[in-house]
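Visitor: Handing over my_file23.cif, mmCIF, C-alpha atoms and all ligand atoms.
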data_query
loop_
_atom_site.label_atom_id
_atom_site.label_comp_id
_atom_site.auth_asym_id
_atom_site.auth_seq_id
_atom_site.Cartn_x
_atom_site.Cartn_y
_atom_site.Cartn_z
CA MET E 1 43.37 47.83 111.98
CA ASN E 2 45.26 51.11 112.40
CA ILE E 3 44.84 53.01 109.12
CA THR E 4 47.19 55.69 107.87
CA ILE E 5 46.62 57.56 104.61
CA LEU E 6 49.53 59.21 102.80
CA GLY E 7 48.48 62.12 100.62
CA ALA E 8 45.81 64.61 101.64
CA GLY E 9 44.38 65.25 98.20
CA ALA E 10 40.67 64.97 97.47
CA PHE E 11 40.61 61.19 97.55
CA GLY E 12 42.96 60.57 100.48
CA THR E 13 41.01 63.09 102.54
CA ALA E 14 37.64 61.63 101.53
CA LEU E 15 38.80 58.14 102.49
CA ALA E 16 40.00 59.46 105.85
CA VAL E 17 36.56 60.97 106.47
CA ALA E 18 34.78 57.77 105.46
CA LEU E 19 37.03 55.37 107.37
CA SER E 20 37.04 57.48 110.52
CA VAL E 21 33.57 56.12 111.33
CA ASN E 22 35.31 52.80 112.11
CA GLY E 23 37.89 54.32 114.47
CA PRO E 24 40.91 56.63 114.53
CA VAL E 25 42.62 57.29 111.19
CA THR E 26 45.88 59.13 110.51
CA LEU E 27 46.09 61.43 107.48
CA TRP E 28 49.48 62.70 106.31
CA GLY E 29 49.80 65.60 103.89
CA ARG E 30 52.42 68.17 102.98
CA ARG E 31 50.16 71.17 103.66
CA LEU E 32 47.30 70.47 106.02
CA GLY E 33 46.59 73.87 107.56
CA SER E 34 45.07 74.20 111.01
CA ASP E 35 41.33 74.63 110.41
CA ARG E 36 40.40 70.97 109.69
CA GLN E 37 39.18 71.99 106.23
CA SER E 38 40.54 70.69 102.94
CA PRO E 39 40.98 73.01 99.93
CA ARG E 40 40.40 69.94 97.72
CA LEU E 41 37.09 69.09 99.39
CA PRO E 42 35.34 72.41 99.99
CA GLY E 43 32.71 72.40 102.73
CA VAL E 44 33.92 69.19 104.40
CA THR E 45 35.06 69.47 108.02
CA LEU E 46 37.50 66.73 109.01
CA PRO E 47 36.12 64.73 111.97
CA ALA E 48 38.04 64.63 115.26
CA ALA E 49 38.76 60.92 114.72
CA ILE E 50 41.22 61.92 111.97
CA ASN E 51 44.67 62.52 113.35
CA LEU E 52 46.30 65.05 110.99
CA THR E 53 50.06 65.10 110.62
CA GLU E 54 52.62 66.74 108.38
CA ASP E 55 55.35 64.60 109.96
CA LEU E 56 56.06 61.80 107.51
CA ASP E 57 58.25 59.80 109.92
CA THR E 58 55.33 59.53 112.35
CA ALA E 59 52.96 58.51 109.54
CA LEU E 60 55.35 55.88 108.20
CA ASN E 61 55.30 54.04 111.55
CA ALA E 62 52.02 52.36 110.59
CA GLN E 63 51.93 48.78 109.28
CA CYS E 64 49.15 49.45 106.74
CA LEU E 65 49.37 52.53 104.55
CA LEU E 66 46.88 53.79 101.98
CA LEU E 67 48.73 55.70 99.26
CA GLY E 68 46.57 58.60 98.05
CA LEU E 69 49.08 60.09 95.62
CA PRO E 70 48.48 60.52 91.88
CA ALA E 71 50.03 57.88 89.60
CA GLN E 72 52.78 60.10 88.20
CA ALA E 73 53.90 61.16 91.70
CA LEU E 74 53.91 57.66 93.17
CA GLY E 75 57.19 56.40 91.66
CA GLY E 76 59.21 59.33 93.04
CA PHE E 77 57.58 59.06 96.46
CA LEU E 78 58.30 55.32 96.63
CA ALA E 79 61.92 55.86 95.58
CA ASP E 80 62.38 58.51 98.27
CA HIS E 81 60.87 56.41 101.06
CA ALA E 82 61.39 52.80 99.97
CA ASP E 83 63.30 51.75 103.09
CA ALA E 84 60.57 52.94 105.43
CA LEU E 85 57.77 51.53 103.26
CA ASP E 86 59.21 48.09 102.48
CA GLY E 87 57.66 45.15 104.34
CA LYS E 88 54.40 47.02 105.02
CA THR E 89 50.97 46.60 103.55
CA LEU E 90 50.69 49.28 100.88
CA VAL E 91 47.33 50.01 99.28
CA SER E 92 47.38 52.22 96.21
CA THR E 93 44.42 54.35 95.15
CA ALA E 94 46.14 55.81 92.07
CA LYS E 95 44.36 55.43 88.73
CA GLY E 96 47.04 55.70 86.12
CA ILE E 97 49.97 54.13 84.30
CA ASP E 98 53.41 55.47 85.18
CA LEU E 99 54.85 57.20 82.14
CA THR E 100 58.47 56.32 82.94
CA HIS E 101 58.05 52.62 83.66
CA LEU E 102 54.83 52.01 81.70
CA THR E 103 53.38 50.04 84.62
CA GLY E 104 50.50 50.45 87.04
CA PRO E 105 50.93 51.38 90.73
CA SER E 106 51.15 47.79 91.99
CA SER E 107 54.26 47.04 89.91
CA LEU E 108 55.79 50.36 90.90
CA ILE E 109 55.33 49.42 94.54
CA ALA E 110 56.59 45.87 94.05
CA GLN E 111 59.73 47.15 92.29
CA ALA E 112 60.50 49.77 94.93
CA CYS E 113 59.45 47.70 97.96
CA PRO E 114 59.85 43.99 97.13
CA ALA E 115 58.87 42.83 100.63
CA ALA E 116 55.67 44.90 100.77
CA HIS E 117 52.19 43.39 100.62
CA VAL E 118 50.56 45.21 97.72
CA ALA E 119 46.87 45.99 97.25
CA VAL E 120 44.79 48.35 95.16
CA LEU E 121 41.61 50.19 96.14
CA THR E 122 39.66 51.31 93.10
CA GLY E 123 36.18 51.58 91.59
CA PRO E 124 33.54 54.21 90.82
CA SER E 125 33.75 56.85 93.53
CA PHE E 126 33.98 60.60 93.49
CA ALA E 127 35.86 61.92 96.51
CA ALA E 128 33.08 64.44 97.19
CA ASP E 129 30.46 61.66 97.25
CA ILE E 130 32.50 59.54 99.66
CA ALA E 131 33.20 62.49 101.95
CA ARG E 132 29.47 63.27 102.09
CA GLY E 133 28.74 59.71 103.16
CA LEU E 134 26.88 58.78 99.97
CA PRO E 135 26.65 55.01 99.34
CA THR E 136 29.56 53.74 97.27
CA ALA E 137 30.86 50.34 96.13
CA LEU E 138 34.58 49.77 95.51
CA THR E 139 36.97 46.98 94.58
CA LEU E 140 39.81 45.86 96.82
CA ALA E 141 42.39 43.92 94.82
CA CYS E 142 45.16 41.87 96.41
CA THR E 143 46.89 38.73 95.12
CA ASP E 144 46.99 37.36 98.68
CA PRO E 145 43.37 36.38 99.46
CA LYS E 146 43.87 36.51 103.25
CA ILE E 147 45.32 40.01 103.23
CA GLY E 148 42.67 41.02 100.69
CA GLN E 149 39.91 39.82 103.00
CA SER E 150 41.35 41.60 106.01
CA LEU E 151 41.66 44.88 104.05
CA GLN E 152 38.16 44.44 102.65
CA HIS E 153 36.79 44.33 106.17
CA ALA E 154 38.97 47.14 107.46
CA PHE E 155 37.91 49.53 104.68
CA SER E 156 34.20 48.71 104.62
CA THR E 157 31.73 50.92 106.45
CA PRO E 158 27.93 51.02 106.51
CA VAL E 159 28.01 53.19 103.34
CA LEU E 160 31.23 51.95 101.74
CA ARG E 161 30.81 48.43 100.38
CA LEU E 162 33.95 46.70 99.15
CA TYR E 163 34.13 43.76 96.78
CA ARG E 164 37.30 41.70 96.60
CA THR E 165 39.41 40.31 93.78
CA THR E 166 42.86 38.75 93.40
CA ASP E 167 43.19 40.25 89.89
CA VAL E 168 45.29 43.29 90.78
CA THR E 169 46.35 43.89 87.18
CA GLY E 170 42.76 43.93 85.93
CA ALA E 171 41.51 46.15 88.75
CA GLU E 172 44.23 48.77 88.43
CA LEU E 173 44.19 48.84 84.64
CA GLY E 174 40.42 49.30 84.62
CA GLY E 175 40.82 52.36 86.85
CA ALA E 176 43.68 53.77 84.79
CA LEU E 177 42.26 53.18 81.32
CA LYS E 178 38.78 54.49 82.05
CA ASN E 179 40.31 57.93 82.62
CA VAL E 180 41.57 57.96 79.02
CA ILE E 181 38.16 57.01 77.66
CA ALA E 182 36.50 59.59 79.94
CA ILE E 183 38.61 62.28 78.25
CA ALA E 184 37.41 61.00 74.87
CA ALA E 185 33.79 61.07 76.08
CA GLY E 186 34.28 64.63 77.33
CA ILE E 187 35.72 65.69 73.97
CA VAL E 188 32.69 64.21 72.19
CA ILE E 189 30.24 66.12 74.38
CA GLY E 190 32.34 69.33 74.40
CA ALA E 191 32.53 69.26 70.59
CA ARG E 192 28.74 68.66 70.42
CA LEU E 193 29.10 65.35 68.59
CA GLY E 194 26.10 63.91 70.44
CA ASP E 195 25.10 61.26 72.97
CA SER E 196 25.12 58.52 70.31
CA ALA E 197 28.79 59.22 69.62
CA ARG E 198 29.50 59.13 73.35
CA ALA E 199 27.86 55.69 73.62
CA ALA E 200 30.08 54.52 70.75
CA ILE E 201 33.19 55.89 72.50
CA ILE E 202 32.24 54.21 75.79
CA THR E 203 31.61 50.85 74.10
CA ARG E 204 34.59 50.82 71.76
CA GLY E 205 36.70 52.33 74.54
CA PHE E 206 35.69 49.47 76.80
CA ALA E 207 36.77 47.02 74.06
CA GLU E 208 40.17 48.74 74.00
CA MET E 209 40.47 48.69 77.79
CA THR E 210 39.75 44.97 77.87
CA ARG E 211 42.10 44.22 74.96
CA LEU E 212 45.10 45.90 76.58
CA ALA E 213 44.34 44.70 80.10
CA VAL E 214 44.01 41.06 78.98
CA ARG E 215 47.22 41.42 76.94
CA LEU E 216 48.93 42.55 80.16
CA GLY E 217 47.61 39.58 82.16
CA ALA E 218 44.22 40.73 83.47
CA ARG E 219 41.12 38.54 83.58
CA SER E 220 38.52 39.93 81.17
CA GLU E 221 35.71 39.53 83.73
CA THR E 222 37.50 41.96 86.05
CA LEU E 223 37.02 44.62 83.40
CA THR E 224 33.26 44.10 83.55
CA GLY E 225 33.25 44.84 87.28
CA LEU E 226 33.24 48.00 89.37
CA SER E 227 36.89 48.79 88.66
CA GLY E 228 36.37 48.68 84.89
CA LEU E 229 32.92 49.11 83.43
CA GLY E 230 31.61 50.61 86.68
CA ASP E 231 34.16 53.38 86.80
CA LEU E 232 34.05 53.87 83.02
CA THR E 233 30.31 54.49 83.24
CA LEU E 234 30.71 56.98 86.06
CA THR E 235 33.49 59.06 84.58
CA CYS E 236 32.17 59.12 81.01
CA THR E 237 28.78 60.40 82.11
CA SER E 238 29.41 62.81 84.97
CA PRO E 239 30.72 66.38 84.85
CA GLN E 240 32.05 65.71 88.36
CA SER E 241 34.88 63.81 86.64
CA ARG E 242 38.01 65.89 86.09
CA ASN E 243 38.99 63.69 83.14
CA PHE E 244 35.58 64.22 81.54
CA ARG E 245 35.75 67.96 82.20
CA PHE E 246 39.26 68.18 80.74
CA GLY E 247 38.03 66.42 77.59
CA HIS E 248 34.96 68.67 77.47
CA ALA E 249 37.15 71.77 77.54
CA LEU E 250 39.37 70.29 74.82
CA GLY E 251 36.33 69.49 72.69
CA GLU E 252 34.86 72.98 72.92
CA GLY E 253 38.24 74.69 72.64
CA ALA E 254 38.11 76.19 76.14
CA ALA E 255 40.95 76.63 78.63
CA PHE E 256 41.38 74.19 81.53
CA ASP E 257 43.04 74.73 84.93
CA THR E 258 46.42 73.04 84.54
CA THR E 259 46.79 72.47 88.30
CA THR E 260 43.87 70.02 88.31
CA THR E 261 44.81 66.34 88.55
CA VAL E 262 43.82 64.73 85.23
CA GLU E 263 45.34 61.24 85.31
CA GLY E 264 44.12 60.29 81.82
CA VAL E 265 46.54 62.59 79.96
CA ALA E 266 49.80 60.91 81.05
CA THR E 267 48.08 57.54 80.97
CA ALA E 268 46.99 58.08 77.35
CA ARG E 269 50.62 58.77 76.45
CA ALA E 270 51.72 55.66 78.35
CA VAL E 271 49.04 53.58 76.64
CA ALA E 272 50.07 54.82 73.20
CA ARG E 273 53.65 53.69 73.89
CA LEU E 274 52.55 50.37 75.39
CA ALA E 275 50.21 49.69 72.48
CA GLU E 276 53.00 50.30 69.99
CA ARG E 277 55.41 48.10 71.93
CA LEU E 278 52.89 45.26 72.26
CA GLY E 279 51.31 45.62 68.83
CA THR E 280 47.89 46.12 70.45
CA ASP E 281 45.29 48.19 68.60
CA MET E 282 44.24 51.12 70.84
CA PRO E 283 42.96 53.76 68.40
CA ILE E 284 40.86 55.83 70.81
CA ALA E 285 43.54 55.98 73.50
CA ALA E 286 46.22 56.83 70.94
CA MET E 287 44.01 59.62 69.56
CA VAL E 288 43.39 60.99 73.07
CA ALA E 289 47.17 61.23 73.54
CA ARG E 290 47.51 63.19 70.29
CA LEU E 291 44.53 65.44 71.08
CA ALA E 292 45.88 66.21 74.56
CA ASP E 293 49.30 66.97 73.06
CA GLY E 294 47.68 69.25 70.46
CA THR E 295 49.12 67.36 67.49
CA VAL E 296 45.72 66.65 65.93
CA SER E 297 42.46 68.60 65.75
CA VAL E 298 39.13 67.21 66.96
CA GLU E 299 37.82 67.31 63.37
CA LYS E 300 40.77 65.30 62.02
CA ALA E 301 40.62 62.84 64.95
CA LEU E 302 36.94 62.22 64.23
CA GLU E 303 37.58 61.76 60.52
CA ASP E 304 40.44 59.31 61.16
CA LEU E 305 38.48 57.22 63.67
CA MET E 306 35.38 57.10 61.47
CA ASN E 307 37.39 56.06 58.42
CA ARG E 308 39.26 53.15 59.92
CA PRO E 309 38.77 49.91 57.97
CA LEU E 310 35.34 48.37 58.58
CA LYS E 311 35.50 45.24 60.72
CA GLU E 312 33.54 42.74 62.79
CA GLU E 313 32.46 43.83 66.24
N1 LIG M 401 39.27 62.62 93.45
C1 LIG M 401 38.55 61.52 93.21
O1 LIG M 401 37.31 61.57 93.12
C2 LIG M 401 39.23 60.20 93.08
C3 LIG M 401 40.59 60.09 92.86
N2 LIG M 401 41.16 58.86 92.70
C4 LIG M 401 42.57 58.74 92.40
O2 LIG M 401 43.34 59.10 93.55
C5 LIG M 401 44.59 59.64 93.15
C6 LIG M 401 44.77 60.97 93.84
O3 LIG M 401 43.78 61.82 93.31
P1 LIG M 401 43.20 63.06 94.12
O4 LIG M 401 43.31 62.87 95.58
O5 LIG M 401 41.88 63.36 93.57
O6 LIG M 401 44.24 64.20 93.65
P2 LIG M 401 44.40 65.66 94.22
O7 LIG M 401 44.92 66.46 93.09
O8 LIG M 401 43.19 66.12 94.91
O9 LIG M 401 45.55 65.49 95.32
C7 LIG M 401 46.78 64.95 95.05
C8 LIG M 401 47.54 64.91 96.37
O10 LIG M 401 48.79 64.27 96.15
C9 LIG M 401 49.77 65.02 96.83
N3 LIG M 401 51.05 64.83 96.19
C10 LIG M 401 51.35 64.95 94.87
N4 LIG M 401 52.64 64.67 94.68
C11 LIG M 401 53.16 64.37 95.89
C12 LIG M 401 54.45 63.99 96.34
N5 LIG M 401 55.47 63.85 95.50
N6 LIG M 401 54.62 63.77 97.66
C13 LIG M 401 53.61 63.91 98.50
N7 LIG M 401 52.36 64.25 98.16
C14 LIG M 401 52.14 64.48 96.86
C15 LIG M 401 49.31 66.46 96.73
O11 LIG M 401 49.93 67.18 97.73
P3 LIG M 401 50.00 68.78 97.70
O12 LIG M 401 48.59 69.24 97.95
O13 LIG M 401 50.94 69.07 98.82
O14 LIG M 401 50.51 69.16 96.35
C16 LIG M 401 47.83 66.28 96.94
O15 LIG M 401 47.53 66.27 98.30
C17 LIG M 401 44.53 59.77 91.61
O16 LIG M 401 45.20 58.69 91.02
C18 LIG M 401 43.05 59.67 91.31
O17 LIG M 401 42.80 59.14 90.01
C19 LIG M 401 40.44 57.73 92.82
C20 LIG M 401 39.10 57.79 93.05
C21 LIG M 401 38.38 59.02 93.16
O1 LIG M 402 38.21 58.06 89.52
C1 LIG M 402 37.29 58.80 89.74
C2 LIG M 402 35.94 58.33 90.02
O2 LIG M 402 35.90 56.96 90.23
C3 LIG M 402 37.50 60.27 89.70
O3 LIG M 402 37.56 60.64 88.39
P1 LIG M 402 38.29 61.95 87.93
O4 LIG M 402 39.75 61.81 88.33
O5 LIG M 402 38.08 62.02 86.48
O6 LIG M 402 37.64 63.08 88.66
#
Rewrite the structure from the file as structure tokens, please.

Guide:
Amino acid sequence: MNITILGAGAFGTALAVALSVNGPVTLWGRRLGSDRQSPRLPGVTLPAAINLTEDLDTALNAQCLLLGLPAQALGGFLADHADALDGKTLVSTAKGIDLTHLTGPSSLIAQACPAAHVAVLTGPSFAADIARGLPTALTLACTDPKIGQSLQHAFSTPVLRLYRTTDVTGAELGGALKNVIAIAAGIVIGARLGDSARAAIITRGFAEMTRLAVRLGARSETLTGLSGLGDLTLTCTSPQSRNFRFGHALGEGAAFDTTTTVEGVATARAVARLAERLGTDMPIAAMVARLADGTVSVEKALEDLMNRPLKEE
């Protein structure tokens, strides 16, 4: 399968590097430079099997396109290029909920490109790890089992092992919601509240993730897989995670580089709105939204969460 990746950020570039072991790959980006290096993946030289292009028309000729854009940029990109994208196989790697439409990437794609075959590639994977060829397991979600199987094979390599599911909603919500909980975990560690508190945030955060995802049509078992619990574990425990690092800075009262992609901030806001609309209890996510917006202090957030009515687990 001829693979084209749109978006030369850290993840799109890492996937291009990984998939180029299977054959030629095209990587489109707005600013690629000429030295086969990526500013988002320092120290990684892009192999010759990656065809780099800044010409979007050329890139859009492909039948299967991996979309490496962040969640909040995806809607605009789809709107701008819907005609050229419709009817193709479009695989999103974005981990977020669109703040305007309050939906995940798959619904955004389906709304903009109704004739497209939609899939989601997600799971625990730092771009730097993938680009270095470290062993990684991911989830490929597609409602059409045949297309899902063909993508699973196309995107697997000796060090990239893909599992398959038809639960697109569950897979993409797991990836989006874990970013919100990773911010909370970072805040806990940054504010020196301890590893026990982090374990509580991970566990109760996972309960929230599952509650909202199931309410939106996901299968609960999907949340226990790589795309949910797997990615939650990774991002809540590793300083490689930008969401965790953002939370850490918030917790210790330090500044954070605002140009860094931190998907969990907009997603926390989207979750707070969704939770209110659906009447779903999402206290940690709602608190992350308020903390990120600066409308509550860490001390007050902790006090409020600890003093919620006692209940059954
Ligand atoms: N990094 C990681 O480890 C992983 C990331 N992901 C997910 O992948 C998605 C992308 O993240 P990541 O690659 O890390 O982000 P980066 O911040 O590294 O890169 C984002 C890329 O998107 C491009 N972009 C943004 N807006 C537009 C637009 N309107 N049109 C065209 N290109 C645009 C940027 O282009 P430009 O440089 O020109 O601004 C940039 O190349 C996120 O949802 C993330 O959660 C998933 C797994 C792992
Ligand atoms: O999604 C990721 C790992 O699976 C990357 O996490 P961050 O965006 O927090 O760096």

Visitor: Please identify every polymer residue within 9 Å of ligand LIG 401 (chain M), using only C-alpha atoms and all ligand atoms, and present the set as an mmCIF file with C-alpha atoms, in the coordinates of the input.

Guide:
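Listed below is the output, result22.cif:
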data_model
loop_
_atom_site.group_PDB
_atom_site.id
_atom_site.type_symbol
_atom_site.label_atom_id
_atom_site.label_comp_id
_atom_site.auth_asym_id
_atom_site.auth_seq_id
_atom_site.Cartn_x
_atom_site.Cartn_y
_atom_site.Cartn_z
ATOM 1 C CA LEU E 6 49.530 59.210 102.800
ATOM 2 C CA GLY E 7 48.480 62.120 100.620
ATOM 3 C CA ALA E 8 45.810 64.610 101.640
ATOM 4 C CA GLY E 9 44.380 65.250 98.200
ATOM 5 C CA ALA E 10 40.670 64.970 97.470
ATOM 6 C CA PHE E 11 40.610 61.190 97.550
ATOM 7 C CA GLY E 12 42.960 60.570 100.480
ATOM 8 C CA THR E 13 41.010 63.090 102.540
ATOM 9 C CA ALA E 14 37.640 61.630 101.530
ATOM 10 C CA TRP E 28 49.480 62.700 106.310
ATOM 11 C CA GLY E 29 49.800 65.600 103.890
ATOM 12 C CA ARG E 30 52.420 68.170 102.980
ATOM 13 C CA ARG E 31 50.160 71.170 103.660
ATOM 14 C CA LEU E 32 47.300 70.470 106.020
ATOM 15 C CA PRO E 39 40.980 73.010 99.930
ATOM 16 C CA ARG E 40 40.400 69.940 97.720
ATOM 17 C CA LEU E 41 37.090 69.090 99.390
ATOM 18 C CA LEU E 67 48.730 55.700 99.260
ATOM 19 C CA GLY E 68 46.570 58.600 98.050
ATOM 20 C CA LEU E 69 49.080 60.090 95.620
ATOM 21 C CA PRO E 70 48.480 60.520 91.880
ATOM 22 C CA ALA E 71 50.030 57.880 89.600
ATOM 23 C CA GLN E 72 52.780 60.100 88.200
ATOM 24 C CA ALA E 73 53.900 61.160 91.700
ATOM 25 C CA LEU E 74 53.910 57.660 93.170
ATOM 26 C CA GLY E 75 57.190 56.400 91.660
ATOM 27 C CA GLY E 76 59.210 59.330 93.040
ATOM 28 C CA PHE E 77 57.580 59.060 96.460
ATOM 29 C CA SER E 92 47.380 52.220 96.210
ATOM 30 C CA THR E 93 44.420 54.350 95.150
ATOM 31 C CA ALA E 94 46.140 55.810 92.070
ATOM 32 C CA LYS E 95 44.360 55.430 88.730
ATOM 33 C CA GLY E 96 47.040 55.700 86.120
ATOM 34 C CA LEU E 121 41.610 50.190 96.140
ATOM 35 C CA THR E 122 39.660 51.310 93.100
ATOM 36 C CA GLY E 123 36.180 51.580 91.590
ATOM 37 C CA PRO E 124 33.540 54.210 90.820
ATOM 38 C CA SER E 125 33.750 56.850 93.530
ATOM 39 C CA PHE E 126 33.980 60.600 93.490
ATOM 40 C CA ALA E 127 35.860 61.920 96.510
ATOM 41 C CA ALA E 128 33.080 64.440 97.190
ATOM 42 C CA ASP E 129 30.460 61.660 97.250
ATOM 43 C CA ILE E 130 32.500 59.540 99.660
ATOM 44 C CA GLY E 175 40.820 52.360 86.850
ATOM 45 C CA ALA E 176 43.680 53.770 84.790
ATOM 46 C CA ASN E 179 40.310 57.930 82.620
ATOM 47 C CA GLN E 240 32.050 65.710 88.360
ATOM 48 C CA SER E 241 34.880 63.810 86.640
ATOM 49 C CA ARG E 242 38.010 65.890 86.090
ATOM 50 C CA THR E 259 46.790 72.470 88.300
ATOM 51 C CA THR E 260 43.870 70.020 88.310
ATOM 52 C CA THR E 261 44.810 66.340 88.550
ATOM 53 C CA VAL E 262 43.820 64.730 85.230
ATOM 54 C CA GLU E 263 45.340 61.240 85.310
ATOM 55 C CA GLY E 264 44.120 60.290 81.820
#

Visitor: Counting only C-alpha atoms and all ligand atoms, which of E:Gly186, E:Gly253, E:Pro158, E:Pro47 gets nearest to ligand LIG 402 (chain M)?

Guide: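 Comparing E:Gly186, E:Gly253, E:Pro158, E:Pro47 against ligand LIG 402 (chain M), the winner is E:Gly186.
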
Visitor: Could you tell me how far CA of Glu312 in chain E sits from CA of Arg290 in chain E, in Å to one decimal place?

Guide: 25.9 Å

Visitor: Got a sec: who's within 6 Å of Ala82 in chain E, counting only C-alpha atoms, leaving out chain neighbours fewer than 4 positions off, as number ranges by chain?

Guide: E: 78, 86, 112-113

Visitor: Keeping only C-alpha atoms, write the selected residues as a compact mmCIF listing (two decimals), in the coordinates of the input.

Guide:
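That gives us out-v2.txt:
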# COMPACT_ATOMS: atom_id res chain seq x y z
CA LEU E 78 58.30 55.32 96.63
CA ASP E 86 59.21 48.09 102.48
CA ALA E 112 60.50 49.77 94.93
CA CYS E 113 59.45 47.70 97.96

Visitor: My list of candidates is E:Met306, E:Val180, E:Leu274, E:Gly251. Which is closest to Ala200 in chain E when distances are computed with all atoms listed in the file?

Guide: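 Distance minimum relative to Ala200 in chain E lands on E:Met306.
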
Visitor: Suppose you want the space between CA of Gly279 in chain E and CA of Leu102 in chain E; what is it in Å?

Guide: 14.8 Å

Visitor: Might I get the box with edges along x, y and z of the file that holds all atoms of range 93-101 of chain E listed there, padded by 5 Å on every side, given as centre and edge lengths in Å to one decimal, as lines of an AutoDock Vina configuration file?

Guide:
center_x = 51.4
center_y = 54.9
center_z = 88.6
size_x = 24.1
size_y = 14.6
size_z = 23.0

Visitor: Looking at all atoms listed in the file, which of E:Leu52, E:Ala266, E:Ile183, E:Ile284 is the one that sits closest to ligand LIG 402 (chain M)?

Guide: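 Residue with the minimum atom-to-atom distance to ligand LIG 402 (chain M): E:Ile183.
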
Visitor: Just how far from CA of Leu173 in chain E is CA of Ala301 in chain E, in Å to one decimal?

Guide: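 Value for the CA of Ala301 in chain E-CA of Leu173 in chain E distance: 24.4 Å.
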
Visitor: For Asp195 in chain E, work out the shell of residues within 12 Å, counting only C-alpha atoms and skipping chain neighbours fewer than 5 positions away, then give it as an NGL selection string.

Guide: :E and (185-190 or 200-202 or 236-237)

Visitor: Find the residue from E:Ile147, E:Ala182, E:Val91, E:Val296 that sits nearest to ligand LIG 402 (chain M); use all atoms listed in the file when measuring.

Guide: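 Of E:Ile147, E:Ala182, E:Val91, E:Val296, the one nearest ligand LIG 402 (chain M), counting all atoms listed in the file, is E:Ala182.
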
Visitor: With all atoms listed in the file as the basis for distance, which of E:Gly33, E:Pro42, E:Gly174, E:Gly194 is at the shortest distance from ligand LIG 402 (chain M)?

Guide: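 Ranked by minimum distance to ligand LIG 402 (chain M), first place goes to E:Gly174.
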
Visitor: So, with all atoms listed in the file as the atoms that count, which of E:Asp80, E:Glu208, E:Asp257, E:Glu54 lies closest to Met282 in chain E?

Guide: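 Going through E:Asp80, E:Glu208, E:Asp257, E:Glu54 one by one, the smallest distance to Met282 in chain E is for E:Glu208.
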
Visitor: I'd like the contact shell of Ala289 in chain E - 7 Å cut-off, all atoms listed in the file, skipping same-chain residues fewer than 4 positions apart - returned as a PyMOL selection string.

Guide: chain E and resi 265+268-269+285+293

Visitor: Counting only C-alpha atoms, note down every residue that has an atom within 12 Å of the point (63.7, 54.3, 107.0) (file coordinates), as a list in words.

Guide: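 The requested residues, written out, are Leu56, Asp57, Thr58, Ala59, Leu60, Asn61, Leu78, Ala79, Asp80, His81, Ala82, Asp83, Ala84, Leu85, Asp86, Gly87, Lys88 and Cys113 of chain E.
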
Visitor: List the neighbours of Gln37 in chain E out to 7 Å using all atoms listed in the file; skip same-chain residues closer than 3 positions along the sequence, and give me the result as a ChimeraX atom specification.

Guide: /E:44-46

Visitor: Could you dump the residues just selected with C-alpha atoms as a PDB file, in the coordinates of the input?

Guide:
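For reference, selection-v3.pdb as written:
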ATOM      1  CA  VAL E  44      33.920  69.190 104.400  1.00  0.00           C
ATOM      2  CA  THR E  45      35.060  69.470 108.020  1.00  0.00           C
ATOM      3  CA  LEU E  46      37.500  66.730 109.010  1.00  0.00           C
TER       4      LEU E  46
END

Visitor: Complete range 47-56 of chain E with N, CA and C atoms (output as an mmCIF file, keeping the file's coordinate frame).

Guide:
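That gives us selection_15.cif:
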data_model
loop_
_atom_site.group_PDB
_atom_site.id
_atom_site.type_symbol
_atom_site.label_atom_id
_atom_site.label_comp_id
_atom_site.auth_asym_id
_atom_site.auth_seq_id
_atom_site.Cartn_x
_atom_site.Cartn_y
_atom_site.Cartn_z
ATOM 1 N N PRO E 47 36.535 65.150 110.627
ATOM 2 C CA PRO E 47 36.120 64.730 111.970
ATOM 3 C C PRO E 47 37.302 64.602 112.934
ATOM 4 N N ALA E 48 36.989 64.690 114.230
ATOM 5 C CA ALA E 48 38.040 64.630 115.260
ATOM 6 C C ALA E 48 38.771 63.296 115.248
ATOM 7 N N ALA E 49 38.123 62.246 114.744
ATOM 8 C CA ALA E 49 38.760 60.920 114.720
ATOM 9 C C ALA E 49 39.902 60.842 113.701
ATOM 10 N N ILE E 50 40.075 61.897 112.906
ATOM 11 C CA ILE E 50 41.220 61.920 111.970
ATOM 12 C C ILE E 50 42.374 62.663 112.628
ATOM 13 N N ASN E 51 43.457 61.922 112.809
ATOM 14 C CA ASN E 51 44.670 62.520 113.350
ATOM 15 C C ASN E 51 45.479 63.081 112.180
ATOM 16 N N LEU E 52 45.594 64.408 112.117
ATOM 17 C CA LEU E 52 46.300 65.050 110.990
ATOM 18 C C LEU E 52 47.767 65.239 111.326
ATOM 19 N N THR E 53 48.628 64.870 110.387
ATOM 20 C CA THR E 53 50.060 65.100 110.620
ATOM 21 C C THR E 53 50.778 65.481 109.335
ATOM 22 N N GLU E 54 51.738 66.402 109.498
ATOM 23 C CA GLU E 54 52.620 66.740 108.380
ATOM 24 C C GLU E 54 53.987 66.082 108.578
ATOM 25 N N ASP E 55 54.082 65.268 109.649
ATOM 26 C CA ASP E 55 55.350 64.600 109.960
ATOM 27 C C ASP E 55 55.346 63.202 109.328
ATOM 28 N N LEU E 56 56.093 63.066 108.263
ATOM 29 C CA LEU E 56 56.060 61.800 107.510
ATOM 30 C C LEU E 56 56.628 60.638 108.324
#
